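**Student:** Contents of work_9.txt (compact mmCIF, C-alpha atoms and all ligand atoms) are below:
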```txt
# COMPACT_ATOMS: atom_id res chain seq x y z
CA MET A 249 13.38 -22.02 -2.71
CA ASP A 250 14.37 -19.22 -0.44
CA TYR A 251 12.23 -16.21 0.11
CA LYS A 252 13.12 -12.93 -1.56
CA LYS A 253 14.61 -10.21 0.59
CA LEU A 254 15.62 -6.64 -0.08
CA SER A 255 19.26 -5.90 -0.82
CA ILE A 256 21.47 -2.85 -0.44
CA ALA A 257 20.99 -2.30 -4.20
CA ASP A 258 17.21 -2.20 -3.64
CA GLN A 259 17.74 0.34 -0.88
CA ALA A 260 19.81 2.49 -3.25
CA LEU A 261 17.04 2.36 -5.88
CA PHE A 262 14.45 3.32 -3.28
CA ASN A 263 16.53 6.28 -2.16
CA GLU A 264 17.14 7.40 -5.74
CA ASP A 265 13.71 6.82 -7.28
CA GLY A 266 11.34 6.84 -4.29
CA TYR A 267 10.23 3.27 -4.97
CA VAL A 268 11.56 -0.19 -5.62
CA LEU A 269 9.71 -3.09 -7.24
CA ILE A 270 10.51 -6.56 -5.94
CA LYS A 271 9.45 -9.22 -8.41
CA GLY A 272 8.19 -12.49 -6.92
CA MET A 273 8.21 -11.30 -3.31
CA LEU A 274 5.46 -13.85 -2.71
CA LYS A 275 5.49 -17.41 -3.94
CA PRO A 276 2.66 -18.40 -6.27
CA GLU A 277 1.13 -20.60 -3.52
CA GLU A 278 1.15 -17.65 -1.15
CA VAL A 279 -0.62 -15.39 -3.63
CA LYS A 280 -3.18 -18.08 -4.35
CA LYS A 281 -3.84 -18.58 -0.66
CA LEU A 282 -4.21 -14.86 0.07
CA TYR A 283 -6.35 -14.13 -2.98
CA ASP A 284 -8.66 -17.09 -2.28
CA ILE A 285 -9.08 -15.96 1.29
CA ALA A 286 -9.62 -12.35 0.25
CA ILE A 287 -12.29 -12.94 -2.37
CA HIS A 288 -14.30 -15.10 0.05
CA ASP A 289 -13.76 -12.92 3.09
CA GLU A 290 -17.19 -11.78 4.29
CA VAL A 291 -15.79 -9.65 7.06
CA ILE A 292 -13.73 -7.72 4.53
CA SER A 293 -16.75 -7.38 2.32
CA ASN A 294 -18.89 -6.09 5.22
CA LYS A 295 -16.25 -3.66 6.42
CA SER A 296 -15.39 -2.30 2.98
CA PHE A 297 -16.38 1.18 1.94
CA ASP A 298 -15.89 2.88 -1.36
CA ARG A 299 -14.24 5.98 -2.64
CA GLY A 300 -15.62 7.71 -5.71
CA ASP A 301 -13.44 9.30 -8.35
CA ALA A 302 -14.20 12.38 -10.44
CA ASN A 303 -16.27 10.28 -12.87
CA GLY A 304 -18.31 8.55 -10.19
CA LEU A 305 -16.47 5.22 -10.51
CA ARG A 306 -15.80 3.61 -7.15
CA THR A 307 -12.99 1.56 -5.64
CA LYS A 308 -13.83 -0.65 -2.68
CA LEU A 309 -11.44 -0.95 0.18
CA ALA A 310 -11.24 -2.19 3.75
CA LEU A 311 -8.70 -0.65 6.14
CA TRP A 312 -7.63 -1.81 9.59
CA TYR A 313 -4.96 -0.76 12.05
CA SER A 314 -3.67 -3.48 14.39
CA LEU A 315 -2.20 -6.70 13.08
CA GLY A 316 -3.51 -10.10 14.15
CA ASP A 317 -3.10 -13.73 13.11
CA ASP A 318 -5.12 -13.55 9.91
CA ALA A 319 -3.42 -14.33 6.61
CA TYR A 320 -3.01 -10.67 5.60
CA SER A 321 -1.34 -9.88 8.91
CA LEU A 322 1.01 -12.85 8.59
CA LEU A 323 2.27 -11.30 5.38
CA ALA A 324 2.53 -7.82 6.93
CA ARG A 325 4.41 -9.37 9.89
CA SER A 326 6.64 -11.60 7.77
CA LYS A 327 10.37 -11.31 8.22
CA ARG A 328 11.08 -10.40 4.59
CA ILE A 329 8.53 -7.56 4.52
CA VAL A 330 9.33 -6.10 7.93
CA GLU A 331 13.08 -6.32 7.37
CA GLY A 332 12.53 -4.62 4.01
CA ALA A 333 10.65 -1.79 5.70
CA ASN A 334 13.36 -1.54 8.38
CA LEU A 335 16.08 -1.33 5.75
CA LEU A 336 14.32 1.39 3.76
CA LEU A 337 13.21 3.40 6.80
CA GLU A 338 16.69 2.94 8.28
CA GLY A 339 15.49 1.81 11.68
CA GLU A 340 12.83 -0.21 13.43
CA SER A 341 9.45 0.08 11.79
CA ALA A 342 5.94 -0.16 13.23
CA HIS A 343 2.75 -0.97 11.38
CA PHE A 344 0.44 1.98 10.79
CA HIS A 345 -2.39 0.29 8.88
CA SER A 346 -3.17 -2.22 6.16
CA LYS A 347 -5.82 -2.18 3.50
CA LEU A 348 -7.27 -4.47 0.91
CA MET A 349 -7.93 -2.59 -2.31
CA GLN A 350 -10.57 -4.09 -4.57
CA LYS A 351 -10.62 -2.45 -7.94
CA GLU A 352 -13.33 -4.34 -9.72
CA PRO A 353 -13.71 -4.76 -13.50
CA LYS A 354 -15.52 -1.87 -15.23
CA VAL A 355 -16.34 -0.03 -12.01
CA GLY A 356 -13.06 0.36 -10.13
CA GLY A 357 -12.31 4.06 -9.87
CA ALA A 358 -9.24 6.16 -10.46
CA TRP A 359 -7.04 7.68 -7.76
CA GLU A 360 -5.87 11.25 -8.12
CA TRP A 361 -2.22 12.23 -7.86
CA HIS A 362 -1.25 12.26 -4.20
CA GLN A 363 1.47 11.57 -1.70
CA ASP A 364 0.46 9.23 1.10
CA TYR A 365 2.16 11.69 3.45
CA GLY A 366 -0.36 14.23 2.17
CA TYR A 367 -2.90 12.25 4.23
CA TRP A 368 -0.68 10.99 6.99
CA TYR A 369 0.62 14.44 7.86
CA ARG A 370 -2.95 15.19 8.91
CA ASP A 371 -3.01 12.02 10.99
CA GLY A 372 -0.24 13.48 13.13
CA PHE A 373 2.99 12.05 11.79
CA LEU A 374 5.63 14.73 12.19
CA TYR A 375 8.18 13.22 9.80
CA PRO A 376 7.64 11.59 6.40
CA GLN A 377 9.42 8.50 7.74
CA LEU A 378 6.76 6.16 6.43
CA LEU A 379 6.37 3.91 3.44
CA SER A 380 3.78 1.80 1.67
CA VAL A 381 4.20 -1.82 0.73
CA LEU A 382 1.85 -2.78 -2.09
CA THR A 383 1.52 -6.43 -3.03
CA ALA A 384 -0.43 -7.33 -6.16
CA LEU A 385 -2.88 -10.19 -5.53
CA SER A 386 -3.93 -10.18 -9.18
CA PRO A 387 -2.01 -8.95 -12.21
CA SER A 388 -1.81 -5.18 -12.33
CA THR A 389 -1.55 -3.68 -15.80
CA LYS A 390 -2.11 -0.44 -17.66
CA GLU A 391 -5.48 -1.84 -18.75
CA ASN A 392 -6.80 -2.51 -15.26
CA GLY A 393 -5.49 0.67 -13.71
CA CYS A 394 -2.06 -0.14 -12.31
CA LEU A 395 -0.24 2.26 -10.02
CA GLN A 396 1.62 5.14 -11.68
CA VAL A 397 4.46 6.92 -9.95
CA ILE A 398 6.50 10.03 -10.64
CA LYS A 399 10.07 8.81 -10.37
CA GLY A 400 12.13 10.81 -7.89
CA SER A 401 9.19 12.92 -6.70
CA HIS A 402 9.81 11.89 -3.07
CA ARG A 403 12.66 14.42 -3.08
CA VAL A 404 10.40 17.46 -3.33
CA GLY A 405 9.03 17.12 0.20
CA ARG A 406 5.37 17.37 1.10
CA ILE A 407 3.10 19.05 -1.42
CA GLU A 408 -0.12 20.78 -0.40
CA HIS A 409 -3.18 18.57 -0.73
CA GLY A 410 -6.78 19.62 -1.13
CA PHE A 411 -10.09 17.92 -1.74
CA SER A 412 -10.73 16.75 -5.26
CA GLY A 413 -14.21 15.13 -5.25
CA GLU A 414 -14.24 12.48 -2.50
CA GLN A 415 -10.48 12.16 -2.62
CA VAL A 416 -7.63 14.25 -1.37
CA GLY A 417 -5.23 15.20 -4.16
CA ALA A 418 -1.89 16.97 -4.50
CA ASN A 419 -1.74 20.53 -5.85
CA GLN A 420 -2.20 20.12 -9.61
CA GLU A 421 0.05 22.99 -10.64
CA ARG A 422 2.99 21.39 -8.80
CA VAL A 423 2.17 17.96 -10.21
CA ASP A 424 2.06 19.38 -13.76
CA GLU A 425 5.45 21.06 -13.35
CA LEU A 426 6.98 17.90 -11.94
CA LEU A 427 5.56 15.89 -14.83
CA LYS A 428 7.50 18.14 -17.22
CA ARG A 429 10.73 17.33 -15.41
CA LEU A 430 10.45 13.80 -14.06
CA GLU A 431 9.52 10.46 -15.53
CA LEU A 432 6.01 9.05 -15.19
CA VAL A 433 6.23 5.28 -14.68
CA TYR A 434 3.37 2.78 -15.00
CA VAL A 435 4.20 0.10 -12.45
CA GLU A 436 2.88 -3.06 -14.02
CA MET A 437 3.00 -5.98 -11.62
CA GLU A 438 2.42 -9.68 -11.67
CA ALA A 439 0.52 -11.23 -8.82
CA GLY A 440 3.02 -11.70 -5.99
CA ASP A 441 5.20 -8.71 -6.90
CA THR A 442 5.63 -6.09 -4.20
CA LEU A 443 6.26 -2.37 -4.56
CA PHE A 444 7.84 -0.46 -1.69
CA PHE A 445 7.34 3.29 -2.05
CA HIS A 446 8.21 6.39 -0.06
CA SER A 447 5.40 8.35 1.59
CA ASN A 448 6.26 11.44 -0.47
CA THR A 449 6.32 9.64 -3.84
CA LEU A 450 3.55 11.04 -6.04
CA HIS A 451 1.29 8.32 -7.35
CA ARG A 452 -2.11 7.78 -8.94
CA SER A 453 -4.00 5.15 -10.89
CA ASP A 454 -6.55 5.06 -13.69
CA ALA A 455 -9.99 3.53 -13.45
CA ASN A 456 -10.30 -0.16 -14.19
CA LEU A 457 -12.31 -0.29 -17.40
CA SER A 458 -11.05 -3.79 -18.24
CA ASP A 459 -12.61 -7.18 -17.53
CA ALA A 460 -9.93 -8.12 -15.01
CA PRO A 461 -10.09 -7.29 -11.30
CA ARG A 462 -7.13 -5.53 -9.71
CA TRP A 463 -6.82 -6.52 -6.06
CA SER A 464 -3.93 -5.56 -3.88
CA LEU A 465 -2.87 -5.46 -0.29
CA ILE A 466 -1.18 -2.30 0.94
CA SER A 467 0.50 -2.10 4.34
CA ALA A 468 1.89 1.17 5.63
CA TYR A 469 4.82 1.28 8.04
CA ASN A 470 6.27 4.16 10.03
CA LEU A 471 9.58 4.45 11.79
CA ILE A 472 8.63 3.49 15.35
CA SER A 473 10.22 6.69 16.69
CA ASN A 474 7.95 8.69 14.35
CA LYS A 475 4.74 7.89 16.18
CA PRO A 476 1.81 10.22 15.52
CA TYR A 477 1.30 12.94 18.12
CA LYS A 478 -2.49 12.67 17.87
CA GLY A 479 -5.16 10.18 16.91
CA ASN A 480 -5.54 6.62 18.09
CA TYR A 481 -3.25 4.35 16.11
CA PRO A 482 -1.96 1.87 18.69
CA SER A 483 0.11 -0.28 16.35
CA ALA A 484 2.06 2.75 15.05
CA SER A 485 4.04 2.84 18.29
CA GLU A 486 4.31 -0.92 18.95
CA ALA A 487 7.05 -3.32 17.96
CA ILE A 488 5.86 -5.68 15.23
CA GLN A 489 5.59 -9.34 16.22
CA ILE A 490 7.65 -10.68 13.35
CA VAL A 491 6.89 -14.17 12.00
CA ASN A 492 9.03 -16.41 9.83
CA ASP A 493 8.51 -16.23 6.11
CA GLU A 494 7.19 -19.81 6.11
CA THR A 495 4.39 -19.02 8.54
CA LEU A 496 1.88 -17.72 5.99
CA LEU A 497 1.88 -21.02 4.08
CA LYS A 498 2.25 -23.29 7.09
CA SER A 499 -0.47 -21.82 9.27
CA ASP A 500 -4.16 -22.49 8.82
CA SER A 501 -4.83 -18.78 9.06
CA GLU A 502 -7.95 -17.43 7.45
CA GLY A 503 -9.53 -14.07 6.80
CA ILE A 504 -9.70 -11.21 9.20
CA GLN A 505 -11.51 -11.17 12.58
CA GLU A 506 -14.78 -9.31 12.85
CA ASP A 507 -13.39 -7.32 15.79
CA ALA A 508 -10.20 -6.13 14.08
CA ASN A 509 -9.95 -2.36 14.43
CA PHE A 510 -11.32 -1.33 11.09
CA LEU A 511 -11.65 2.17 9.84
CA ILE A 512 -15.41 2.61 9.67
CA LYS A 513 -16.73 5.07 7.10
O1 LIG B 1 -3.88 1.27 -5.53
C1 LIG B 1 -4.15 2.33 -6.08
O2 LIG B 1 -4.63 2.39 -7.20
C2 LIG B 1 -3.87 3.60 -5.37
C3 LIG B 1 -4.23 3.54 -3.95
C4 LIG B 1 -3.51 4.54 -3.13
O3 LIG B 1 -2.65 5.20 -3.57
C5 LIG B 1 -3.86 4.72 -1.72
O4 LIG B 1 -4.78 4.05 -1.25
O5 LIG B 1 -3.23 5.53 -1.05
FE FE B 2 -1.62 6.28 -1.98
```
Show the structure stored in the file as structure tokens.
Ligand SMILES: O=C(O)CCC(=O)C(=O)O
Ligand SMILES: [Fe+2]
**Tutor:**
Amino acid sequence: MDYKKLSIADQALFNEDGYVLIKGMLKPEEVKKLYDIAIHDEVISNKSFDRGDANGLRTKLALWYSLGDDAYSLLARSKRIVEGANLLLEGESAHFHSKLMQKEPKVGGAWEWHQDYGYWYRDGFLYPQLLSVLTALSPSTKENGCLQVIKGSHRVGRIEHGFSGEQVGANQERVDELLKRLELVYVEMEAGDTLFFHSNTLHRSDANLSDAPRWSLISAYNLISNKPYKGNYPSASEAIQIVNDETLLKSDSEGIQEDANFLIK
């Protein structure tokens, strides 16, 4: 079976709605491999930190910048994903960072409404020419706190963000007005589905009060010409070393290296 790739119709949906969901972007064997590696990855577990929500529930995550030869990077470097990012960003993309989100049963916290560009603006990106690629490693449902998006909200431009507990959230008054006008979509995903979304798309998620974990991998890409004017994000201005789609399954890649450049909190 061939690997999925994004089409011109997917690009049109992304431009219209601010996101596009690609079902079955990963093969079941690929998801199994990545999830197995992730749940046993001690480096990830040691480098993870958590973010509390307004109710004190906490989501664990590990975040790193440069790509390597680990299994997560082979996905982030895969032809189908990088070409998808290139199509949607309308040019050559670079990798800004990747993260492994671990929203555990009963304790995984909520995320407040935000635009990723609300954060990344502060990191020094001058243009919102960035996107997130979220791949579900386990099923993502309303019950376990799937991602919610406001359809078409990428068109409003950057909204002011301020601190809301330990998280940075978008101005609530604006969010409330947009919710009166635009559709709120719960993006339920099966393991192996991938959501591409614009850096100005408003999104949030509920806490995971269910018995099922919700793990996902999120890689962020910027247009290579839109490199940040400050900070130290080497991969954001480097060409991505693309690998064939088969590489993830064929290689004996494992978890991430201890010396990957992790964000340390
Ligand atoms: O996966 C989620 O629930 C939201 C995470 C998110 O939006 C982020 O890390 O920027
Ligand atoms: Fe986000």
**Student:** Name the residues, by chain letter and number, that sit within 7 Å of ligand FE 2 (chain B) using all atoms listed in the file, and give them as a PDB file with C-alpha atoms, in the frame of the given file.
**Tutor:**
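Okay, part-v4.pdb is ready:
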```pdb
ATOM      1  CA  HIS A 362      -1.250  12.260  -4.200  1.00  0.00           C
ATOM      2  CA  GLN A 363       1.470  11.570  -1.700  1.00  0.00           C
ATOM      3  CA  ASP A 364       0.460   9.230   1.100  1.00  0.00           C
ATOM      4  CA  HIS A 451       1.290   8.320  -7.350  1.00  0.00           C
TER       5      HIS A 451
END
```
**Student:** Write out as a count of residues only which residues come within 6 Å of range 501-512 of chain A when counting only C-alpha atoms, dropping same-chain ones fewer than 4 positions away.
**Tutor:** 8
**Student:** Would you kindly return, as a PyMOL selection string, each protein, DNA or RNA residue with an atom no farther than 6 Å from any atom of Leu443 in chain A, considering only C-alpha atoms and excluding same-chain residues fewer than 5 positions away?
**Tutor:** chain A and resi 268-269+381-382
**Student:** Rounded to one decimal place, report the CA of Gly339 in chain A-CA of Ser314 in chain A distance in Å.
**Tutor:**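 For CA of Gly339 in chain A relative to CA of Ser314 in chain A, the distance reads 20.1 Å.
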**Student:** Which is closest to Asp459 in chain A among A:Asn392, A:Ser293, A:Asn492, A:Asn263, if we use all atoms listed in the file?
**Tutor:**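 Smallest distance to Asp459 in chain A is found for A:Asn392.
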**Student:** What do you get as an MDAnalysis selection string if you pick all residues at most 7 Å from ligand LIG 1 (chain B), counting all atoms listed in the file?
**Tutor:** chainID A and resid 349 358:359 364 393:395 451:453
**Student:** From the options A:Leu309, A:Leu323, A:Ile292, A:Ala468, which residue's atoms come nearest to Thr495 in chain A, counting all atoms listed in the file?
**Tutor:**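 The shortest atom-to-atom distance to Thr495 in chain A comes from A:Leu323.
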**Student:** One decimal, Å: what's the distance from CA of Asn456 in chain A over to CA of Glu352 in chain A, could you say?
**Tutor:** 6.8 Å
**Student:** What is the CA of Glu494 in chain A-CA of Ala310 in chain A distance in Å, reported with one decimal?
**Tutor:** 25.6 Å
**Student:** Counting all atoms listed in the file, what is within 10 Å of Val279 in chain A, bar same-chain residues fewer than 5 positions away, as a ChimeraX atom specification?
**Tutor:** /A:272-274,284-285,383-386,439-441,497
**Student:** Go through A:Leu336, A:Ala260, A:Leu315, A:Ile472 one by one, measure the shortest atom-to-atom distance of each to Leu379 in chain A using only C-alpha atoms, and give the residue with the smallest value.
**Tutor:**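 Closest candidate: A:Leu336.
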**Student:** Considering only C-alpha atoms, state which residue in the set A:Lys252, A:Arg403, A:Arg370, A:Lys275 is at the smallest distance from Pro476 in chain A.
**Tutor:**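 Among the listed residues, the smallest separation from Pro476 in chain A belongs to A:Arg370.
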**Student:** In terms of the shortest atom-to-atom distance over all atoms listed in the file, which of A:Ser296, A:Asp301, A:Ile488, A:Asp493 is closest to Gly316 in chain A?
**Tutor:**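 The shortest atom-to-atom distance to Gly316 in chain A comes from A:Ile488.
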**Student:** Rank nothing, just name the residue among A:Asn448, A:Ser483, A:Gln415, A:Ser326 nearest to Gly366 in chain A, using all atoms listed in the file.
**Tutor:**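 The shortest atom-to-atom distance to Gly366 in chain A comes from A:Asn448.
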**Student:** Would you kindly identify which residues have an atom no farther than 12 Å from (-14.8, -6.7, -17.6), using only C-alpha atoms and the file's own coordinates, and write them out as a PyMOL selection string?
**Tutor:** chain A and resi 351-356+391-392+456-462
**Student:** Counting only C-alpha atoms, find the residues whose atoms lie at most 6 Å from (5.7, 11.5, -2.9) (file coordinates) and write them out as a ChimeraX atom specification.
**Tutor:** /A:363,401-402,447-450
**Student:** Atoms are missing here; could range 423-448 of chain A be completed with N, CA and C atoms and written as an mmCIF file, keeping the file's coordinate frame?
**Tutor:**
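Saved the output as result-v9.cif:
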```cif
data_model
loop_
_atom_site.group_PDB
_atom_site.id
_atom_site.type_symbol
_atom_site.label_atom_id
_atom_site.label_comp_id
_atom_site.auth_asym_id
_atom_site.auth_seq_id
_atom_site.Cartn_x
_atom_site.Cartn_y
_atom_site.Cartn_z
ATOM 1 N N VAL A 423 2.097 19.262 -9.541
ATOM 2 C CA VAL A 423 2.170 17.960 -10.210
ATOM 3 C C VAL A 423 2.499 18.169 -11.690
ATOM 4 N N ASP A 424 1.833 19.136 -12.328
ATOM 5 C CA ASP A 424 2.060 19.380 -13.760
ATOM 6 C C ASP A 424 3.507 19.796 -14.029
ATOM 7 N N GLU A 425 4.051 20.643 -13.165
ATOM 8 C CA GLU A 425 5.450 21.060 -13.350
ATOM 9 C C GLU A 425 6.387 19.881 -13.167
ATOM 10 N N LEU A 426 6.104 19.059 -12.175
ATOM 11 C CA LEU A 426 6.980 17.900 -11.940
ATOM 12 C C LEU A 426 6.904 16.921 -13.107
ATOM 13 N N LEU A 427 5.714 16.802 -13.693
ATOM 14 C CA LEU A 427 5.560 15.890 -14.830
ATOM 15 C C LEU A 427 6.367 16.353 -16.050
ATOM 16 N N LYS A 428 6.657 17.651 -16.121
ATOM 17 C CA LYS A 428 7.500 18.140 -17.220
ATOM 18 C C LYS A 428 8.961 17.770 -17.003
ATOM 19 N N ARG A 429 9.316 17.527 -15.752
ATOM 20 C CA ARG A 429 10.730 17.330 -15.410
ATOM 21 C C ARG A 429 11.100 15.901 -15.068
ATOM 22 N N LEU A 430 10.143 15.149 -14.554
ATOM 23 C CA LEU A 430 10.450 13.800 -14.060
ATOM 24 C C LEU A 430 9.674 12.760 -14.864
ATOM 25 N N GLU A 431 10.130 11.545 -14.728
ATOM 26 C CA GLU A 431 9.520 10.460 -15.530
ATOM 27 C C GLU A 431 8.264 9.907 -14.859
ATOM 28 N N LEU A 432 7.234 9.714 -15.660
ATOM 29 C CA LEU A 432 6.010 9.050 -15.190
ATOM 30 C C LEU A 432 6.149 7.556 -15.509
ATOM 31 N N VAL A 433 6.040 6.731 -14.483
ATOM 32 C CA VAL A 433 6.230 5.280 -14.680
ATOM 33 C C VAL A 433 4.940 4.534 -14.342
ATOM 34 N N TYR A 434 4.498 3.689 -15.256
ATOM 35 C CA TYR A 434 3.370 2.780 -15.000
ATOM 36 C C TYR A 434 3.967 1.528 -14.365
ATOM 37 N N VAL A 435 3.603 1.245 -13.140
ATOM 38 C CA VAL A 435 4.200 0.100 -12.450
ATOM 39 C C VAL A 435 3.323 -1.133 -12.684
ATOM 40 N N GLU A 436 3.644 -1.845 -13.758
ATOM 41 C CA GLU A 436 2.880 -3.060 -14.020
ATOM 42 C C GLU A 436 3.442 -4.170 -13.143
ATOM 43 N N MET A 437 2.565 -4.963 -12.581
ATOM 44 C CA MET A 437 3.000 -5.980 -11.620
ATOM 45 C C MET A 437 2.311 -7.301 -11.900
ATOM 46 N N GLU A 438 3.054 -8.370 -11.662
ATOM 47 C CA GLU A 438 2.420 -9.680 -11.670
ATOM 48 C C GLU A 438 1.950 -9.967 -10.265
ATOM 49 N N ALA A 439 0.982 -10.852 -10.148
ATOM 50 C CA ALA A 439 0.520 -11.230 -8.820
ATOM 51 C C ALA A 439 1.721 -11.763 -8.032
ATOM 52 N N GLY A 440 1.894 -11.273 -6.816
ATOM 53 C CA GLY A 440 3.020 -11.700 -5.990
ATOM 54 C C GLY A 440 4.198 -10.755 -6.027
ATOM 55 N N ASP A 441 4.158 -9.755 -6.906
ATOM 56 C CA ASP A 441 5.200 -8.710 -6.900
ATOM 57 C C ASP A 441 4.843 -7.686 -5.821
ATOM 58 N N THR A 442 5.853 -7.062 -5.270
ATOM 59 C CA THR A 442 5.630 -6.090 -4.200
ATOM 60 C C THR A 442 6.375 -4.794 -4.501
ATOM 61 N N LEU A 443 5.660 -3.692 -4.358
ATOM 62 C CA LEU A 443 6.260 -2.370 -4.560
ATOM 63 C C LEU A 443 6.390 -1.675 -3.204
ATOM 64 N N PHE A 444 7.604 -1.275 -2.881
ATOM 65 C CA PHE A 444 7.840 -0.460 -1.690
ATOM 66 C C PHE A 444 7.965 0.984 -2.166
ATOM 67 N N PHE A 445 7.166 1.905 -1.614
ATOM 68 C CA PHE A 445 7.340 3.290 -2.050
ATOM 69 C C PHE A 445 7.254 4.291 -0.901
ATOM 70 N N HIS A 446 8.026 5.338 -1.078
ATOM 71 C CA HIS A 446 8.210 6.390 -0.060
ATOM 72 C C HIS A 446 6.909 7.179 0.114
ATOM 73 N N SER A 447 6.670 7.666 1.312
ATOM 74 C CA SER A 447 5.400 8.350 1.590
ATOM 75 C C SER A 447 5.276 9.686 0.869
ATOM 76 N N ASN A 448 6.360 10.206 0.314
ATOM 77 C CA ASN A 448 6.260 11.440 -0.470
ATOM 78 C C ASN A 448 6.321 11.192 -1.987
#
```
